[in-house]
Amino acid sequence: MTELWPWLALAGLGAFHGVNPAMGWLFAVALALHRRSRATLLWALPPLALGHALSIGVVAAAVVMAGVVIDRRSIQLGAGLFLMGWAGYHYAYGHRHRVRVGMTTGFAGLVLWSFLMATAHGAGLMILPALMPLCLGAPSGARTAAAAGMAVGLHTVAMLVATALLAAVIYEWVGLAILRRAWLNVDLLWMSALALTGLLLLIYR
């Protein structure tokens with residue numbers, strides 16, 4: 001179980017990111033409704049997943065490179081403090097920073113939008129507790145890079161599955177009207193998750 005929990009956490013966080021409308025399903029549904037095309041919904045999913053994977057990959061690469069010259073505990077403390085600070089900044093000023101991409105955007109525009117949204121929301125930072133045991137515990141550079149790549153892949157697949165399922169349900173049966181009747185403050189939940197992740201990094205040894 002000690003070796004399994006990081007992978008389960010990566011998959012669970014991927015699903016959590018996929019459920020968050022800011023990570024892409026809401027934009028995919030809006031594009032499909034705007035263009036009146038179910039195919040558009042399916043077409044939007046791969047670039048959204050790719051942009052998310054690139055954002056997560058940047059964090060994974062940074063952890064791998066930092067692990068070469070900095071001890072693990074220092075990385076944990078720095079990442080924990082940064083995460084808690086990022087949660088506070090997002091709470092105070094996050095609403096001012098909105099990535100704007102129009103309904104006529106193409107594949108590259110969706111990749112860029114997804115990358116910027118995931119980065120701005122600290123999606124990569126949120127997976128650090130699960131990423132660090134995998135990327136900082138391998139005895140060789142090749143195994144570390146392989147573990148990081150598999151971690152990003154697993155997280156992205158889980159995110160894509162959750163995004164696709166939710167987008168399909170909303171588009172086919174529920175409709176966006178549900179957002180006016182039963183809306184959860186995902187931003188507050190997201191900021192709480194960021195702060196909790198930072199706290200876990202500070203206290204976990």
# chains A, B, ... in the order shown; residues from 1 in each chain; ligands from 1
>>> select_by_dssp(residues="stretch 2-176 of chain A", states="helix (DSSP H, G or I)", output="number ranges by chain")
A: 5-19, 21-23, 25-35, 38-69, 72-96, 107-120, 123-126, 128-135, 141-174
>>> write_last_selection(atoms="C-alpha atoms", output="CSV table (one decimal), in the first residue's frame")
chain,number,residue,atom,x,y,z
A,5,TRP,CA,-1.0,5.2,-2.6
A,6,PRO,CA,0.8,7.8,-4.8
A,7,TRP,CA,-0.7,6.2,-7.9
A,8,LEU,CA,-4.1,6.1,-6.5
A,9,ALA,CA,-3.8,9.7,-5.4
A,10,LEU,CA,-2.7,10.8,-8.8
A,11,ALA,CA,-5.7,9.1,-10.4
A,12,GLY,CA,-8.0,10.6,-7.8
A,13,LEU,CA,-6.7,14.1,-8.3
A,14,GLY,CA,-6.9,13.6,-12.0
A,15,ALA,CA,-10.6,12.8,-11.6
A,16,PHE,CA,-11.0,15.8,-9.3
A,17,HIS,CA,-9.4,18.1,-11.8
A,18,GLY,CA,-11.6,16.7,-14.5
A,19,VAL,CA,-14.8,17.5,-12.5
A,21,PRO,CA,-15.4,23.1,-14.8
A,22,ALA,CA,-12.4,25.5,-15.0
A,23,MET,CA,-10.3,22.6,-16.3
A,25,TRP,CA,-15.6,20.3,-19.5
A,26,LEU,CA,-17.6,23.5,-19.3
A,27,PHE,CA,-15.7,25.0,-22.2
A,28,ALA,CA,-16.1,21.8,-24.2
A,29,VAL,CA,-19.9,21.7,-23.7
A,30,ALA,CA,-20.2,25.4,-24.5
A,31,LEU,CA,-18.3,24.9,-27.7
A,32,ALA,CA,-20.5,21.9,-28.7
A,33,LEU,CA,-23.7,23.8,-27.9
A,34,HIS,CA,-22.4,26.9,-29.8
A,35,ARG,CA,-21.6,24.9,-32.9
A,38,ARG,CA,-21.7,16.5,-30.8
A,39,ALA,CA,-18.4,15.9,-32.7
A,40,THR,CA,-17.1,19.3,-31.4
A,41,LEU,CA,-17.5,17.9,-27.9
A,42,LEU,CA,-15.3,14.9,-28.7
A,43,TRP,CA,-12.9,17.0,-30.7
A,44,ALA,CA,-12.3,19.4,-27.8
A,45,LEU,CA,-11.3,16.7,-25.3
A,46,PRO,CA,-7.8,15.7,-26.6
A,47,PRO,CA,-6.4,19.3,-26.7
A,48,LEU,CA,-7.8,20.0,-23.3
A,49,ALA,CA,-6.1,16.9,-21.9
A,50,LEU,CA,-2.8,17.8,-23.7
A,51,GLY,CA,-2.8,21.3,-22.3
A,52,HIS,CA,-3.4,19.9,-18.8
A,53,ALA,CA,-0.7,17.3,-19.3
A,54,LEU,CA,1.8,19.9,-20.4
A,55,SER,CA,1.1,22.0,-17.3
A,56,ILE,CA,1.5,19.0,-15.0
A,57,GLY,CA,4.6,17.9,-16.9
A,58,VAL,CA,6.3,21.2,-16.2
A,59,VAL,CA,5.9,20.7,-12.5
A,60,ALA,CA,7.0,17.1,-12.7
A,61,ALA,CA,10.1,18.1,-14.6
A,62,ALA,CA,10.9,20.8,-12.0
A,63,VAL,CA,10.6,18.3,-9.2
A,64,VAL,CA,12.9,15.9,-11.0
A,65,MET,CA,15.5,18.6,-11.6
A,66,ALA,CA,15.2,20.1,-8.1
A,67,GLY,CA,15.7,16.6,-6.6
A,68,VAL,CA,19.2,16.4,-8.2
A,69,VAL,CA,20.6,19.4,-6.2
A,72,ARG,CA,13.7,16.2,-0.4
A,73,ARG,CA,12.7,17.9,2.9
A,74,SER,CA,13.7,21.3,1.6
A,75,ILE,CA,11.7,20.8,-1.5
A,76,GLN,CA,8.7,19.8,0.6
A,77,LEU,CA,8.9,22.8,2.8
A,78,GLY,CA,9.3,25.2,-0.1
A,79,ALA,CA,6.5,23.6,-2.1
A,80,GLY,CA,4.2,23.6,1.0
A,81,LEU,CA,4.7,27.3,1.7
A,82,PHE,CA,4.3,28.2,-2.0
A,83,LEU,CA,1.1,26.2,-2.2
A,84,MET,CA,-0.5,27.9,0.8
A,85,GLY,CA,0.6,31.2,-0.5
A,86,TRP,CA,-0.8,30.4,-3.9
A,87,ALA,CA,-4.1,29.4,-2.3
A,88,GLY,CA,-4.3,32.8,-0.5
A,89,TYR,CA,-3.4,34.7,-3.7
A,90,HIS,CA,-6.0,32.8,-5.7
A,91,TYR,CA,-8.6,33.6,-3.0
A,92,ALA,CA,-7.8,37.3,-3.0
A,93,TYR,CA,-7.0,37.9,-6.7
A,94,GLY,CA,-7.8,34.8,-8.7
A,95,HIS,CA,-11.1,36.2,-10.0
A,96,ARG,CA,-9.2,39.0,-11.7
A,107,PHE,CA,-6.8,22.9,-31.5
A,108,ALA,CA,-3.8,25.1,-30.6
A,109,GLY,CA,-6.1,27.6,-28.8
A,110,LEU,CA,-7.6,24.9,-26.7
A,111,VAL,CA,-4.2,23.5,-25.8
A,112,LEU,CA,-3.0,26.9,-24.8
A,113,TRP,CA,-6.2,27.7,-22.8
A,114,SER,CA,-6.1,24.4,-20.9
A,115,PHE,CA,-2.3,24.8,-20.2
A,116,LEU,CA,-2.9,28.4,-18.8
A,117,MET,CA,-5.9,27.4,-16.8
A,118,ALA,CA,-4.2,24.4,-15.2
A,119,THR,CA,-1.1,26.5,-14.4
A,120,ALA,CA,-3.0,29.5,-13.1
A,123,ALA,CA,-3.1,22.0,-10.8
A,124,GLY,CA,0.4,20.7,-11.0
A,125,LEU,CA,1.3,22.0,-7.5
A,126,MET,CA,-1.7,20.1,-6.1
A,128,LEU,CA,3.1,17.3,-5.4
A,129,PRO,CA,2.5,15.1,-2.3
A,130,ALA,CA,1.8,12.1,-4.7
A,131,LEU,CA,4.5,13.1,-7.2
A,132,MET,CA,7.4,13.5,-4.8
A,133,PRO,CA,7.6,9.9,-3.5
A,134,LEU,CA,7.8,8.7,-7.1
A,135,CYS,CA,10.1,11.3,-8.5
A,141,GLY,CA,17.8,9.3,-13.2
A,142,ALA,CA,16.2,7.1,-15.9
A,143,ARG,CA,13.8,5.5,-13.4
A,144,THR,CA,13.0,8.9,-12.0
A,145,ALA,CA,12.2,10.3,-15.4
A,146,ALA,CA,10.1,7.2,-16.2
A,147,ALA,CA,8.2,7.5,-12.9
A,148,ALA,CA,7.5,11.2,-13.6
A,149,GLY,CA,6.2,10.4,-17.1
A,150,MET,CA,4.0,7.6,-15.9
A,151,ALA,CA,2.6,9.9,-13.1
A,152,VAL,CA,1.7,12.6,-15.6
A,153,GLY,CA,0.2,10.0,-17.9
A,154,LEU,CA,-2.0,8.4,-15.3
A,155,HIS,CA,-3.1,11.7,-13.9
A,156,THR,CA,-4.0,13.0,-17.4
A,157,VAL,CA,-6.0,9.8,-18.3
A,158,ALA,CA,-8.0,10.1,-15.1
A,159,MET,CA,-8.6,13.8,-15.8
A,160,LEU,CA,-9.7,13.0,-19.4
A,161,VAL,CA,-12.1,10.3,-18.4
A,162,ALA,CA,-13.8,12.4,-15.8
A,163,THR,CA,-14.0,15.4,-18.2
A,164,ALA,CA,-15.4,13.3,-21.0
A,165,LEU,CA,-18.0,11.6,-18.8
A,166,LEU,CA,-19.2,14.8,-17.2
A,167,ALA,CA,-19.2,16.8,-20.5
A,168,ALA,CA,-21.2,14.0,-22.2
A,169,VAL,CA,-23.8,13.9,-19.4
A,170,ILE,CA,-24.2,17.6,-19.3
A,171,TYR,CA,-24.4,17.9,-23.1
A,172,GLU,CA,-26.7,14.9,-23.8
A,173,TRP,CA,-29.1,14.9,-20.9
A,174,VAL,CA,-28.7,17.6,-18.2
>>> atom_distance(atom1="atom CA of A:Gly122", atom2="atom CA of A:Thr104")
26.6 Å
>>> atom_distance(atom1="atom CA of A:Glu3", atom2="atom CA of A:Leu201")
17.8 Å
>>> decode(residues="stretch 88-135 of chain A", atoms="N, CA and C atoms", output="tab-separated table (two decimals), in the first residue's frame")
chain	number	residue	atom	x	y	z
A	88	GLY	N	-3.87	31.45	-0.99
A	88	GLY	CA	-4.26	32.76	-0.51
A	88	GLY	C	-4.35	33.79	-1.62
A	89	TYR	N	-3.38	33.75	-2.54
A	89	TYR	CA	-3.40	34.68	-3.67
A	89	TYR	C	-4.61	34.41	-4.57
A	90	HIS	N	-4.88	33.12	-4.80
A	90	HIS	CA	-6.02	32.78	-5.65
A	90	HIS	C	-7.33	33.23	-5.02
A	91	TYR	N	-7.41	33.13	-3.69
A	91	TYR	CA	-8.62	33.57	-2.99
A	91	TYR	C	-8.80	35.09	-3.12
A	92	ALA	N	-7.69	35.82	-3.03
A	92	ALA	CA	-7.78	37.29	-3.03
A	92	ALA	C	-7.86	37.88	-4.44
A	93	TYR	N	-7.13	37.29	-5.37
A	93	TYR	CA	-7.01	37.93	-6.69
A	93	TYR	C	-7.31	37.02	-7.87
A	94	GLY	N	-7.60	35.75	-7.61
A	94	GLY	CA	-7.78	34.81	-8.71
A	94	GLY	C	-8.91	35.19	-9.66
A	95	HIS	N	-9.95	35.83	-9.13
A	95	HIS	CA	-11.09	36.20	-9.98
A	95	HIS	C	-10.73	37.27	-11.00
A	96	ARG	N	-9.59	37.94	-10.80
A	96	ARG	CA	-9.19	39.00	-11.73
A	96	ARG	C	-8.46	38.46	-12.94
A	97	HIS	N	-8.00	37.20	-12.86
A	97	HIS	CA	-7.19	36.64	-13.94
A	97	HIS	C	-8.00	35.56	-14.66
A	98	ARG	N	-8.60	35.95	-15.76
A	98	ARG	CA	-9.40	35.01	-16.54
A	98	ARG	C	-8.76	34.84	-17.92
A	99	VAL	N	-8.58	33.59	-18.32
A	99	VAL	CA	-8.05	33.30	-19.65
A	99	VAL	C	-9.20	33.35	-20.64
A	100	ARG	N	-9.07	34.17	-21.66
A	100	ARG	CA	-10.17	34.37	-22.60
A	100	ARG	C	-9.80	33.77	-23.96
A	101	VAL	N	-10.59	32.78	-24.36
A	101	VAL	CA	-10.44	32.16	-25.68
A	101	VAL	C	-11.83	32.08	-26.28
A	102	GLY	N	-11.97	32.52	-27.53
A	102	GLY	CA	-13.28	32.62	-28.15
A	102	GLY	C	-13.83	31.29	-28.64
A	103	MET	N	-15.08	31.31	-29.05
A	103	MET	CA	-15.77	30.12	-29.51
A	103	MET	C	-15.30	29.66	-30.90
A	104	THR	N	-14.44	30.45	-31.53
A	104	THR	CA	-13.93	30.06	-32.84
A	104	THR	C	-12.52	29.48	-32.74
A	105	THR	N	-12.07	29.23	-31.54
A	105	THR	CA	-10.70	28.75	-31.36
A	105	THR	C	-10.50	27.38	-31.97
A	106	GLY	N	-9.25	27.07	-32.29
A	106	GLY	CA	-8.91	25.77	-32.85
A	106	GLY	C	-8.17	24.90	-31.86
A	107	PHE	N	-7.50	23.86	-32.37
A	107	PHE	CA	-6.80	22.90	-31.53
A	107	PHE	C	-5.74	23.59	-30.67
A	108	ALA	N	-4.90	24.42	-31.31
A	108	ALA	CA	-3.82	25.09	-30.58
A	108	ALA	C	-4.37	26.02	-29.51
A	109	GLY	N	-5.47	26.70	-29.82
A	109	GLY	CA	-6.08	27.60	-28.85
A	109	GLY	C	-6.59	26.86	-27.62
A	110	LEU	N	-7.17	25.68	-27.83
A	110	LEU	CA	-7.65	24.87	-26.71
A	110	LEU	C	-6.50	24.34	-25.86
A	111	VAL	N	-5.41	23.92	-26.51
A	111	VAL	CA	-4.23	23.46	-25.77
A	111	VAL	C	-3.69	24.59	-24.90
A	112	LEU	N	-3.55	25.78	-25.51
A	112	LEU	CA	-3.02	26.93	-24.77
A	112	LEU	C	-3.95	27.30	-23.62
A	113	TRP	N	-5.25	27.32	-23.88
A	113	TRP	CA	-6.22	27.68	-22.84
A	113	TRP	C	-6.14	26.70	-21.67
A	114	SER	N	-6.10	25.41	-21.99
A	114	SER	CA	-6.05	24.39	-20.95
A	114	SER	C	-4.75	24.49	-20.15
A	115	PHE	N	-3.64	24.70	-20.84
A	115	PHE	CA	-2.35	24.84	-20.17
A	115	PHE	C	-2.36	26.02	-19.21
A	116	LEU	N	-2.85	27.16	-19.67
A	116	LEU	CA	-2.86	28.36	-18.84
A	116	LEU	C	-3.81	28.22	-17.65
A	117	MET	N	-4.97	27.60	-17.88
A	117	MET	CA	-5.93	27.43	-16.79
A	117	MET	C	-5.38	26.49	-15.71
A	118	ALA	N	-4.80	25.37	-16.14
A	118	ALA	CA	-4.24	24.43	-15.18
A	118	ALA	C	-3.09	25.05	-14.40
A	119	THR	N	-2.27	25.83	-15.10
A	119	THR	CA	-1.13	26.48	-14.45
A	119	THR	C	-1.60	27.56	-13.47
A	120	ALA	N	-2.55	28.38	-13.93
A	120	ALA	CA	-3.04	29.46	-13.07
A	120	ALA	C	-3.74	28.94	-11.82
A	121	HIS	N	-4.38	27.78	-11.93
A	121	HIS	CA	-5.08	27.19	-10.79
A	121	HIS	C	-4.17	26.34	-9.91
A	122	GLY	N	-2.91	26.19	-10.30
A	122	GLY	CA	-1.99	25.40	-9.49
A	122	GLY	C	-2.27	23.91	-9.53
A	123	ALA	N	-2.77	23.41	-10.66
A	123	ALA	CA	-3.11	21.98	-10.75
A	123	ALA	C	-1.88	21.11	-10.55
A	124	GLY	N	-0.76	21.50	-11.14
A	124	GLY	CA	0.45	20.72	-10.98
A	124	GLY	C	0.96	20.73	-9.56
A	125	LEU	N	0.82	21.85	-8.90
A	125	LEU	CA	1.28	21.96	-7.51
A	125	LEU	C	0.48	21.05	-6.59
A	126	MET	N	-0.80	20.86	-6.92
A	126	MET	CA	-1.69	20.07	-6.06
A	126	MET	C	-1.28	18.60	-6.01
A	127	ILE	N	-0.61	18.13	-7.05
A	127	ILE	CA	-0.26	16.70	-7.07
A	127	ILE	C	1.12	16.44	-6.46
A	128	LEU	N	1.77	17.47	-5.93
A	128	LEU	CA	3.12	17.29	-5.40
A	128	LEU	C	3.25	16.22	-4.32
A	129	PRO	N	2.32	16.12	-3.36
A	129	PRO	CA	2.48	15.07	-2.34
A	129	PRO	C	2.54	13.66	-2.93
A	130	ALA	N	1.80	13.43	-4.02
A	130	ALA	CA	1.83	12.12	-4.67
A	130	ALA	C	3.01	11.99	-5.62
A	131	LEU	N	3.44	13.11	-6.18
A	131	LEU	CA	4.50	13.09	-7.18
A	131	LEU	C	5.88	12.91	-6.55
A	132	MET	N	6.09	13.53	-5.41
A	132	MET	CA	7.42	13.53	-4.80
A	132	MET	C	7.92	12.14	-4.41
A	133	PRO	N	7.12	11.28	-3.79
A	133	PRO	CA	7.63	9.94	-3.47
A	133	PRO	C	8.06	9.14	-4.70
A	134	LEU	N	7.43	9.43	-5.84
A	134	LEU	CA	7.76	8.71	-7.07
A	134	LEU	C	8.98	9.29	-7.76
A	135	CYS	N	9.06	10.62	-7.79
A	135	CYS	CA	10.12	11.28	-8.54
A	135	CYS	C	11.40	11.48	-7.74
